[in-house]
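Coordinates as given in entry.cif (mmCIF, C-alpha atoms and all ligand atoms):
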data_structure
loop_
_atom_site.label_atom_id
_atom_site.label_comp_id
_atom_site.auth_asym_id
_atom_site.auth_seq_id
_atom_site.Cartn_x
_atom_site.Cartn_y
_atom_site.Cartn_z
CA MET A 57 8.01 15.07 -3.04
CA ARG A 58 5.14 13.66 -0.99
CA ALA A 59 2.80 13.27 -3.99
CA PHE A 60 4.08 10.83 -6.60
CA GLY A 61 3.03 9.04 -9.74
CA PRO A 62 0.47 8.34 -10.97
CA ILE A 63 1.36 4.71 -10.46
CA PRO A 64 -0.58 1.87 -12.09
CA SER A 65 -2.58 0.17 -9.35
CA ARG A 66 -4.29 -3.16 -9.64
CA ARG A 67 -7.08 -1.90 -7.37
CA LEU A 68 -7.28 1.79 -8.18
CA GLY A 69 -6.38 2.30 -11.83
CA HIS A 70 -4.16 5.40 -12.19
CA SER A 71 -3.43 6.32 -8.62
CA LEU A 72 -1.62 9.49 -7.55
CA GLY A 73 0.21 8.34 -4.42
CA ILE A 74 0.43 10.50 -1.31
CA ASN A 75 3.21 9.70 1.13
CA ASN A 76 2.06 11.11 4.47
CA ILE A 77 4.63 9.24 6.60
CA ILE A 78 8.00 10.97 6.29
CA PRO A 79 10.80 10.15 7.00
CA PRO A 80 10.52 6.42 6.20
CA LYS A 81 9.49 4.05 7.61
CA ALA A 82 7.18 4.34 10.62
CA CYS A 83 4.67 1.53 10.88
CA THR A 84 2.65 -0.37 13.46
CA TYR A 85 3.64 -3.60 11.72
CA CYS A 86 6.87 -5.07 10.40
CA CYS A 87 5.37 -7.48 7.86
CA ILE A 88 7.71 -10.20 6.69
CA TYR A 89 6.72 -9.52 3.07
CA CYS A 90 6.83 -5.69 3.17
CA GLN A 91 8.01 -4.40 -0.20
CA ILE A 92 9.65 -1.32 1.27
CA GLY A 93 11.92 -3.18 3.66
CA LYS A 94 12.04 -3.61 7.41
CA THR A 95 10.24 -1.15 9.67
CA VAL A 96 12.69 1.46 10.92
CA ARG A 97 10.38 2.82 13.63
CA LEU A 98 7.81 0.36 15.01
CA CYS A 99 5.22 2.58 16.71
CA ASN A 100 1.58 2.69 17.76
CA GLY A 101 0.79 6.35 18.56
CA ARG A 102 -0.60 8.93 16.15
CA GLU A 103 1.56 11.97 15.49
CA ALA A 104 2.05 14.89 13.09
CA PHE A 105 4.63 14.02 10.44
CA TYR A 106 4.50 17.37 8.54
CA ARG A 107 2.72 20.71 8.47
CA ILE A 108 -0.80 20.00 7.32
CA ASP A 109 -0.96 22.82 4.72
CA ASP A 110 2.33 21.75 3.11
CA LEU A 111 1.15 18.29 2.10
CA ALA A 112 -2.18 19.49 0.68
CA ARG A 113 -0.35 22.22 -1.28
CA GLU A 114 2.06 19.66 -2.77
CA VAL A 115 -0.82 17.41 -3.79
CA LYS A 116 -2.65 20.33 -5.43
CA GLU A 117 0.49 21.39 -7.32
CA LYS A 118 1.07 17.86 -8.55
CA VAL A 119 -2.53 17.47 -9.70
CA ASN A 120 -2.33 20.78 -11.60
CA GLU A 121 0.93 19.72 -13.31
CA LEU A 122 -0.55 16.38 -14.32
CA LYS A 123 -3.76 18.00 -15.57
CA LYS A 124 -1.68 20.25 -17.83
CA ARG A 125 -0.11 17.09 -19.27
CA GLN A 126 -3.60 15.58 -19.57
CA THR A 127 -2.53 12.67 -17.38
CA ARG A 128 -5.40 10.57 -16.05
CA ILE A 129 -5.82 10.35 -12.25
CA ASP A 130 -8.47 7.93 -10.95
CA TYR A 131 -7.63 8.20 -7.24
CA LEU A 132 -5.62 10.27 -4.81
CA SER A 133 -4.29 7.48 -2.60
CA PHE A 134 -2.73 7.64 0.83
CA VAL A 135 -0.21 4.87 0.34
CA PRO A 136 2.91 5.91 2.25
CA ASP A 137 6.08 4.11 3.23
CA GLY A 138 4.53 3.23 6.56
CA GLU A 139 1.01 3.12 8.04
CA PRO A 140 -1.10 6.13 6.92
CA THR A 141 -3.37 6.20 9.99
CA LEU A 142 -0.38 6.98 12.24
CA ASP A 143 -0.70 10.46 10.74
CA ILE A 144 -2.83 12.59 13.06
CA ASN A 145 -3.54 14.96 10.15
CA LEU A 146 -4.97 12.28 7.85
CA GLY A 147 -8.62 13.40 8.17
CA GLY A 148 -7.70 17.10 7.92
CA ASN A 149 -5.76 16.42 4.75
CA ILE A 150 -8.57 14.48 3.16
CA GLU A 151 -10.78 17.54 3.75
CA LEU A 152 -8.17 19.89 2.25
CA ILE A 153 -7.76 17.90 -0.97
CA ARG A 154 -11.49 17.09 -1.34
CA PRO A 155 -12.08 20.21 -3.56
CA LEU A 156 -9.79 18.63 -6.21
CA ASP A 157 -12.81 16.51 -7.02
CA ILE A 158 -10.89 13.25 -7.43
CA LYS A 159 -11.82 10.16 -5.44
CA ILE A 160 -9.69 9.59 -2.33
CA ALA A 161 -8.42 6.21 -1.12
CA VAL A 162 -6.57 5.11 2.00
CA ILE A 163 -4.62 1.85 2.00
CA THR A 164 -4.30 0.84 5.66
CA ASN A 165 -3.24 -2.18 7.68
CA GLY A 166 -6.20 -1.44 9.98
CA SER A 167 -4.12 -1.83 13.13
CA LEU A 168 -5.31 1.47 14.68
CA ILE A 169 -8.94 1.16 13.63
CA SER A 170 -10.05 0.42 17.18
CA LEU A 171 -9.42 4.15 17.84
CA ARG A 172 -12.45 6.31 17.30
CA ASP A 173 -10.50 9.20 15.74
CA VAL A 174 -8.91 6.84 13.20
CA ARG A 175 -12.35 5.55 12.18
CA GLU A 176 -13.60 9.15 11.87
CA ASP A 177 -10.64 10.02 9.58
CA LEU A 178 -11.14 6.93 7.42
CA LYS A 179 -14.85 7.68 7.06
CA LYS A 180 -13.89 10.80 5.07
CA ALA A 181 -12.33 8.71 2.26
CA ASP A 182 -14.20 7.29 -0.75
CA LEU A 183 -12.42 3.97 -0.59
CA VAL A 184 -10.64 2.23 2.26
CA SER A 185 -8.56 -0.86 1.67
CA ILE A 186 -7.85 -2.92 4.80
CA LYS A 187 -5.17 -5.55 5.18
CA ILE A 188 -6.31 -8.82 6.77
CA ASP A 189 -3.61 -11.47 6.53
CA ALA A 190 -4.61 -13.47 9.60
CA VAL A 191 -7.28 -13.60 12.28
CA SER A 192 -5.51 -16.00 14.60
CA ARG A 193 -3.11 -14.40 17.06
CA GLU A 194 -0.20 -16.70 16.34
CA THR A 195 -0.28 -16.27 12.56
CA TRP A 196 -0.88 -12.51 12.87
CA ALA A 197 2.22 -12.21 15.07
CA ARG A 198 4.23 -14.27 12.61
CA ILE A 199 3.27 -12.51 9.38
CA ASN A 200 2.62 -8.90 10.46
CA ARG A 201 5.00 -8.73 13.47
CA PRO A 202 2.88 -6.02 15.19
CA HIS A 203 3.88 -3.47 17.83
CA ASN A 204 3.57 -5.29 21.16
CA SER A 205 0.84 -2.97 22.46
CA LEU A 206 -1.60 -3.97 19.70
CA ASP A 207 -4.48 -6.31 20.40
CA LEU A 208 -5.85 -8.37 17.52
CA ARG A 209 -9.34 -8.75 19.02
CA ALA A 210 -9.67 -4.96 19.41
CA ILE A 211 -8.48 -4.48 15.81
CA LEU A 212 -10.99 -6.97 14.40
CA ASP A 213 -13.80 -5.39 16.46
CA GLY A 214 -12.72 -1.94 15.23
CA MET A 215 -12.90 -3.17 11.63
CA LEU A 216 -16.42 -4.50 12.18
CA GLU A 217 -17.50 -1.24 13.79
CA PHE A 218 -16.02 0.78 10.91
CA GLY A 219 -17.56 -1.53 8.29
CA SER A 220 -21.01 -1.12 9.82
CA VAL A 221 -21.03 2.68 9.38
CA PHE A 222 -18.73 3.43 6.44
CA LYS A 223 -20.65 4.79 3.44
CA GLY A 224 -17.83 4.49 0.89
CA GLU A 225 -16.26 1.40 -0.65
CA MET A 226 -14.46 -0.90 1.74
CA ILE A 227 -12.21 -3.55 0.23
CA THR A 228 -9.83 -6.02 1.86
CA GLU A 229 -6.52 -7.53 0.89
CA THR A 230 -5.10 -10.81 2.14
CA MET A 231 -1.50 -11.63 1.29
CA LEU A 232 -0.82 -15.38 1.25
CA ILE A 233 2.70 -16.60 2.05
CA LYS A 234 3.66 -20.25 1.71
CA GLY A 235 3.93 -22.03 5.05
CA VAL A 236 2.90 -18.95 7.05
CA ASN A 237 -0.82 -18.18 6.54
CA ASP A 238 -1.82 -20.48 3.69
CA SER A 239 -3.36 -23.41 5.61
CA HIS A 240 -6.98 -24.30 4.90
CA ARG A 241 -7.83 -23.60 8.54
CA GLU A 242 -6.37 -20.08 8.54
CA ILE A 243 -7.95 -19.21 5.20
CA LYS A 244 -11.33 -20.47 6.39
CA THR A 245 -11.23 -18.35 9.55
CA ILE A 246 -10.24 -15.28 7.52
CA ALA A 247 -13.17 -15.95 5.17
CA GLU A 248 -15.54 -16.28 8.15
CA PHE A 249 -14.37 -12.92 9.50
CA LEU A 250 -14.74 -11.29 6.07
CA THR A 251 -18.31 -12.57 5.90
CA LEU A 252 -19.08 -10.55 9.02
CA LEU A 253 -17.15 -7.52 7.75
CA LYS A 254 -18.91 -7.44 4.33
CA PRO A 255 -16.32 -5.71 2.12
CA ILE A 256 -17.49 -4.92 -1.42
CA ARG A 257 -14.48 -6.83 -2.77
CA SER A 258 -11.93 -9.13 -1.17
CA TYR A 259 -8.56 -9.47 -2.83
CA ILE A 260 -6.27 -12.43 -2.46
CA SER A 261 -2.70 -11.42 -3.17
CA ILE A 262 0.85 -12.75 -3.26
CA PRO A 263 4.11 -10.79 -3.24
CA THR A 264 5.06 -9.53 -6.70
CA ARG A 265 8.06 -7.43 -5.62
CA PRO A 266 11.10 -7.99 -3.35
CA THR A 267 10.12 -8.77 0.24
CA ALA A 268 11.62 -7.54 3.55
CA GLU A 269 12.61 -11.06 4.58
CA LYS A 270 14.52 -13.08 2.04
CA GLY A 271 13.46 -16.56 0.95
CA LEU A 272 9.68 -16.08 1.28
CA LEU A 273 7.57 -17.89 -1.25
CA PRO A 274 4.09 -17.01 -2.46
CA ALA A 275 1.29 -19.48 -1.78
CA SER A 276 1.15 -22.16 -4.49
CA ASP A 277 -1.34 -22.11 -7.37
CA GLN A 278 -3.27 -24.95 -5.70
CA VAL A 279 -3.56 -22.96 -2.47
CA LEU A 280 -4.58 -19.80 -4.35
CA ASN A 281 -7.35 -21.77 -6.00
CA MET A 282 -8.42 -23.28 -2.67
CA ALA A 283 -8.42 -19.81 -1.04
CA TYR A 284 -10.51 -18.43 -3.89
CA GLN A 285 -13.07 -21.22 -3.52
CA VAL A 286 -13.24 -20.83 0.27
CA PHE A 287 -13.63 -17.03 0.05
CA LYS A 288 -16.12 -17.33 -2.80
CA GLY A 289 -18.28 -19.67 -0.76
CA ASN A 290 -18.96 -16.82 1.69
CA LEU A 291 -18.34 -13.55 -0.14
CA PRO A 292 -20.00 -11.82 -3.10
CA CYS A 293 -16.88 -10.55 -4.87
CA VAL A 294 -13.43 -12.13 -4.69
CA GLU A 295 -10.52 -11.28 -6.95
CA TYR A 296 -6.87 -12.19 -7.26
CA LEU A 297 -4.14 -9.55 -7.05
CA ILE A 298 -1.41 -11.76 -8.34
CA GLY A 299 -0.42 -10.17 -11.65
CA TYR A 300 1.90 -7.35 -12.58
CA GLU A 301 0.34 -3.86 -12.47
CA GLY A 302 1.77 -2.67 -15.78
CA ASN A 303 4.24 0.03 -16.71
CA GLU A 304 2.13 3.16 -16.89
CA PHE A 305 4.00 5.34 -14.41
CA GLY A 306 3.29 9.06 -14.91
CA PHE A 307 5.97 11.59 -15.90
CA SER A 308 5.63 14.92 -14.10
CA GLY A 309 8.60 16.74 -15.68
CA ASN A 310 11.34 15.91 -13.16
CA ILE A 311 12.83 12.47 -13.86
CA GLU A 312 14.98 12.02 -10.74
CA GLU A 313 12.27 13.31 -8.42
CA ASP A 314 9.65 11.02 -10.00
CA LEU A 315 11.88 7.94 -9.77
CA ILE A 316 12.92 8.58 -6.18
CA SER A 317 9.41 9.35 -4.90
CA ILE A 318 7.74 6.46 -6.74
CA THR A 319 10.36 3.91 -5.71
CA SER A 320 10.21 5.06 -2.09
CA VAL A 321 6.95 3.15 -1.76
CA HIS A 322 6.71 1.11 -4.92
CA PRO A 323 9.72 -0.78 -6.33
CA MET A 324 9.71 -0.52 -10.14
CA ARG A 325 10.45 -3.49 -12.38
CA GLU A 326 13.15 -2.96 -15.03
CA ASP A 327 10.67 -2.91 -17.94
CA ALA A 328 8.60 -0.27 -16.10
CA VAL A 329 11.70 1.89 -15.59
CA ARG A 330 12.60 1.55 -19.27
CA ALA A 331 9.04 2.49 -20.33
CA TYR A 332 9.13 5.49 -17.97
CA LEU A 333 12.53 6.68 -19.30
CA LYS A 334 11.26 6.40 -22.87
CA LYS A 335 8.24 8.53 -22.00
CA ALA A 336 10.54 11.08 -20.34
CA GLY A 337 12.99 11.09 -23.30
CA ALA A 338 15.89 9.90 -21.13
CA ASP A 339 18.25 6.92 -21.22
CA TRP A 340 19.51 4.30 -18.76
CA GLY A 341 22.38 6.60 -17.72
CA VAL A 342 19.95 8.27 -15.27
CA ILE A 343 19.58 4.98 -13.39
CA THR A 344 23.31 4.21 -13.42
CA ASP A 345 23.94 7.66 -12.01
CA LEU A 346 21.27 7.35 -9.27
CA ILE A 347 22.72 3.97 -8.24
CA LYS A 348 26.27 5.39 -8.20
CA ARG A 349 25.12 8.27 -5.98
CA GLY A 350 23.50 5.83 -3.56
CA SER A 351 19.94 7.07 -4.22
CA LEU A 352 18.64 3.90 -5.89
CA ILE A 353 19.37 0.22 -5.39
CA GLU A 354 18.86 -2.77 -7.66
CA LEU A 355 17.14 -5.86 -6.25
CA LYS A 356 16.35 -9.23 -7.78
CA TYR A 357 13.01 -10.94 -7.22
CA GLN A 358 11.80 -14.07 -8.98
CA GLY A 359 14.33 -13.61 -11.79
CA LYS A 360 13.48 -9.95 -12.47
CA ASN A 361 15.38 -6.75 -11.65
CA PHE A 362 13.63 -4.13 -9.51
CA TYR A 363 14.75 -0.61 -8.64
CA MET A 364 14.04 1.03 -5.35
CA ARG A 365 15.05 4.10 -3.41
CA ARG A 366 17.74 3.27 -0.86
CA LEU A 367 15.89 3.34 2.47
CA PRO A 368 17.26 2.63 5.94
CA GLY A 369 15.16 -0.56 6.22
CA ARG A 370 16.39 -2.01 2.92
CA ASP A 371 19.80 -3.70 2.60
S1 LIG B 1 3.34 -4.05 4.39
FE1 LIG B 1 2.35 -2.16 5.07
S2 LIG B 1 1.71 -2.66 7.15
FE2 LIG B 1 3.22 -4.17 6.61
S3 LIG B 1 5.17 -3.33 7.38
FE3 LIG B 1 4.95 -2.70 5.23
S4 LIG B 1 4.04 -0.68 5.35
FE4 LIG B 1 3.70 -1.65 7.34
#
Mind turning the file's structure into structure tokens?
Amino acid sequence: MRAFGPIPSRRLGHSLGINNIIPPKACTYCCIYCQIGKTVRLCNGREAFYRIDDLAREVKEKVNELKKRQTRIDYLSFVPDGEPTLDINLGGNIELIRPLDIKIAVITNGSLISLRDVREDLKKADLVSIKIDAVSRETWARINRPHNSLDLRAILDGMLEFGSVFKGEMITETMLIKGVNDSHREIKTIAEFLTLLKPIRSYISIPTRPTAEKGLLPASDQVLNMAYQVFKGNLPCVEYLIGYEGNEFGFSGNIEEDLISITSVHPMREDAVRAYLKKAGADWGVITDLIKRGSLIELKYQGKNFYMRRLPGRD
């Protein structure tokens, strides 16, 4: 299923996820902290990943099902297991699901935003969240591990161009990893760039789920405080994204399908899985069975168990 959830989102409330990059995982980046594992196909060209009508139909069906269950949906969010702007049908799909009358968000790494057609597609959304983990070439290469054809200067210019014309809400997210992009100098240069970009909110985040590379540590509390103060000195609205999102995952009627599609892009913590199973009237046997069949895997992160669909990029 390409529409999944709703999943609790720290930025978007109850967000019905749309996975428009199938099969997993095509991305322009291979971020060291990616929660869905290593990039299977590192690419930089836009392409069609599905028939445009099929995805919009699936989203409409899912919304109708959830409405019947009186489930709240705050956003329809393009948040795939990969980079959503690689999808050449992104703008067309936003138009097709617009009549559902629910706000539409795109969560992008911004790497293709120097392309005019990508900016035109993003302009159709109500909210665009852009990842900015580094503005120096060396740190960008180290944390985001981009496709070798990408040019950071062109990306940053594309972001500024988009920000100057976008009428919706533009927010940014900066993931801070200890020893990688958490120096005062790097944080200050990111803050200076954000001042030019003028997002309505800038989020500072740390990994809260298992990361693609093992042994990564989040920035320390002292650094998070320093980053907040530096950002706050330049920007009107700065928030942390460092807490757990909560356990309110929606039940659409098909337990296995829900669990597989949600955990394709969003590893679920054990207490969230238990809360979901309770809502669905099922027991832990479902999880044991999915693990036995090789559909789900169990991962440990910071002392907690997480469950995730077995993907090619995840050991
Ligand atoms: S975190 Fe996002 S941009 Fe980075 S590799 Fe994963 S999917 Fe791609």
First collect every listed atom of ligand LIG 1 (chain B); then fit an axis-aligned box around them, widen it by 3 Å on each side, and give centre and edge lengths in Å to one decimal, as lines of an AutoDock Vina configuration file.
center_x = 3.4
center_y = -2.4
center_z = 5.9
size_x = 9.5
size_y = 9.5
size_z = 9.0
- Option closest in space to Pro155 of chain A, from A:Arg201, A:Lys270, A:Lys116, A:His240 [counting only C-alpha atoms]: A:Lys116
Restrict the calculation to only C-alpha atoms and all ligand atoms, then for each residue of chain A with any atom at most 8 Å from an atom of ligand LIG 1 (chain B) give the closest atom pair and their distance in Å to one decimal, rows by chain and rising residue number, as a tab-separated table.
residue	atom	partner	partner_atom	distance
A:Lys81	CA	B:LIG1	S4	7.6
A:Ala82	CA	B:LIG1	FE4	7.7
A:Cys83	CA	B:LIG1	FE4	4.9
A:Thr84	CA	B:LIG1	FE4	6.3
A:Tyr85	CA	B:LIG1	S3	4.6
A:Cys86	CA	B:LIG1	S3	3.9
A:Cys87	CA	B:LIG1	FE2	4.1
A:Ile88	CA	B:LIG1	S3	7.4
A:Tyr89	CA	B:LIG1	S1	6.6
A:Cys90	CA	B:LIG1	S1	4.0
A:Gln91	CA	B:LIG1	FE3	6.5
A:Ile92	CA	B:LIG1	FE3	6.3
A:Gly93	CA	B:LIG1	FE3	7.2
A:Lys94	CA	B:LIG1	S3	6.9
A:Thr95	CA	B:LIG1	S3	6.0
A:Pro136	CA	B:LIG1	S4	7.4
A:Asp137	CA	B:LIG1	S4	5.6
A:Gly138	CA	B:LIG1	S4	4.1
A:Glu139	CA	B:LIG1	FE4	5.5
A:Thr164	CA	B:LIG1	S2	7.1
A:Asn165	CA	B:LIG1	S2	5.0
A:Lys187	CA	B:LIG1	S2	7.7
A:Asn200	CA	B:LIG1	FE2	6.1
- Message: Could you list, as a ChimeraX atom specification, every residue within 9 Å of segment 120-128 of chain A, counting only C-alpha atoms and ignoring same-chain residues fewer than 2 positions away?
- Response: /A:62,70-71,115-118,130,306-309
I'd like the neighbourhood of segment 321-326 of chain A as a compact mmCIF listing (two decimals) with C-alpha atoms, keeping the file's coordinate frame, where a residue qualifies if any of its atoms comes within 6 Å (using all atoms listed in the file), though same-chain residues fewer than 2 positions away should be ignored.
# COMPACT_ATOMS: atom_id res chain seq x y z
CA ASP A 137 6.08 4.11 3.23
CA ILE A 318 7.74 6.46 -6.74
CA THR A 319 10.36 3.91 -5.71
CA ALA A 328 8.60 -0.27 -16.10
CA VAL A 329 11.70 1.89 -15.59
CA ASN A 361 15.38 -6.75 -11.65
CA PHE A 362 13.63 -4.13 -9.51
CA TYR A 363 14.75 -0.61 -8.64
CA MET A 364 14.04 1.03 -5.35
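Put simply, atom CA of Leu206 of chain A is 18.7 Å away from atom CA of Ile246 of chain A.
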Incomplete segment 133-150 of chain A filled out to N, CA, C and O atoms as a short mmCIF file (atom, residue, chain, number, x, y, z; two decimals), in the frame of the given file:
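Done, and the output landed in part-v4.cif:
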data_model
loop_
_atom_site.label_atom_id
_atom_site.label_comp_id
_atom_site.auth_asym_id
_atom_site.auth_seq_id
_atom_site.Cartn_x
_atom_site.Cartn_y
_atom_site.Cartn_z
N SER A 133 -4.37 8.61 -3.55
CA SER A 133 -4.29 7.48 -2.60
C SER A 133 -3.25 7.71 -1.52
O SER A 133 -2.08 7.94 -1.84
N PHE A 134 -3.69 7.61 -0.28
CA PHE A 134 -2.73 7.64 0.83
C PHE A 134 -2.10 6.25 0.91
O PHE A 134 -2.73 5.30 1.37
N VAL A 135 -0.89 6.16 0.40
CA VAL A 135 -0.21 4.87 0.34
C VAL A 135 1.27 5.13 0.64
O VAL A 135 2.12 5.11 -0.24
N PRO A 136 1.57 5.44 1.90
CA PRO A 136 2.91 5.91 2.25
C PRO A 136 3.89 4.76 2.49
O PRO A 136 3.53 3.59 2.41
N ASP A 137 5.14 5.15 2.80
CA ASP A 137 6.08 4.11 3.23
C ASP A 137 5.96 3.98 4.75
O ASP A 137 6.83 4.38 5.50
N GLY A 138 4.86 3.40 5.16
CA GLY A 138 4.53 3.23 6.56
C GLY A 138 3.02 3.09 6.66
O GLY A 138 2.36 2.81 5.66
N GLU A 139 2.45 3.27 7.86
CA GLU A 139 1.01 3.12 8.04
C GLU A 139 0.34 4.51 8.04
O GLU A 139 0.62 5.34 8.91
N PRO A 140 -0.55 4.77 7.07
CA PRO A 140 -1.10 6.13 6.92
C PRO A 140 -1.92 6.64 8.11
O PRO A 140 -1.99 7.85 8.34
N THR A 141 -2.53 5.72 8.88
CA THR A 141 -3.37 6.20 9.99
C THR A 141 -2.55 6.62 11.20
O THR A 141 -3.10 7.17 12.17
N LEU A 142 -1.22 6.42 11.16
CA LEU A 142 -0.38 6.98 12.24
C LEU A 142 -0.38 8.51 12.16
O LEU A 142 -0.09 9.20 13.13
N ASP A 143 -0.70 9.02 10.98
CA ASP A 143 -0.70 10.46 10.74
C ASP A 143 -1.94 11.11 11.36
O ASP A 143 -3.07 10.85 10.93
N ILE A 144 -1.72 11.95 12.35
CA ILE A 144 -2.83 12.59 13.06
C ILE A 144 -3.57 13.58 12.16
O ILE A 144 -4.72 13.95 12.42
N ASN A 145 -2.92 14.00 11.07
CA ASN A 145 -3.54 14.96 10.15
C ASN A 145 -4.24 14.29 8.97
O ASN A 145 -4.62 14.98 8.01
N LEU A 146 -4.40 12.97 9.01
CA LEU A 146 -4.97 12.28 7.85
C LEU A 146 -6.35 12.84 7.47
O LEU A 146 -6.59 13.19 6.31
N GLY A 147 -7.26 12.93 8.46
CA GLY A 147 -8.62 13.40 8.17
C GLY A 147 -8.62 14.84 7.68
O GLY A 147 -9.32 15.20 6.73
N GLY A 148 -7.79 15.69 8.31
CA GLY A 148 -7.70 17.10 7.92
C GLY A 148 -7.21 17.22 6.48
O GLY A 148 -7.70 18.04 5.71
N ASN A 149 -6.27 16.37 6.11
CA ASN A 149 -5.76 16.42 4.75
C ASN A 149 -6.77 15.96 3.73
O ASN A 149 -6.85 16.50 2.64
N ILE A 150 -7.54 14.94 4.10
CA ILE A 150 -8.57 14.48 3.16
C ILE A 150 -9.53 15.64 2.89
O ILE A 150 -9.91 15.90 1.75
#
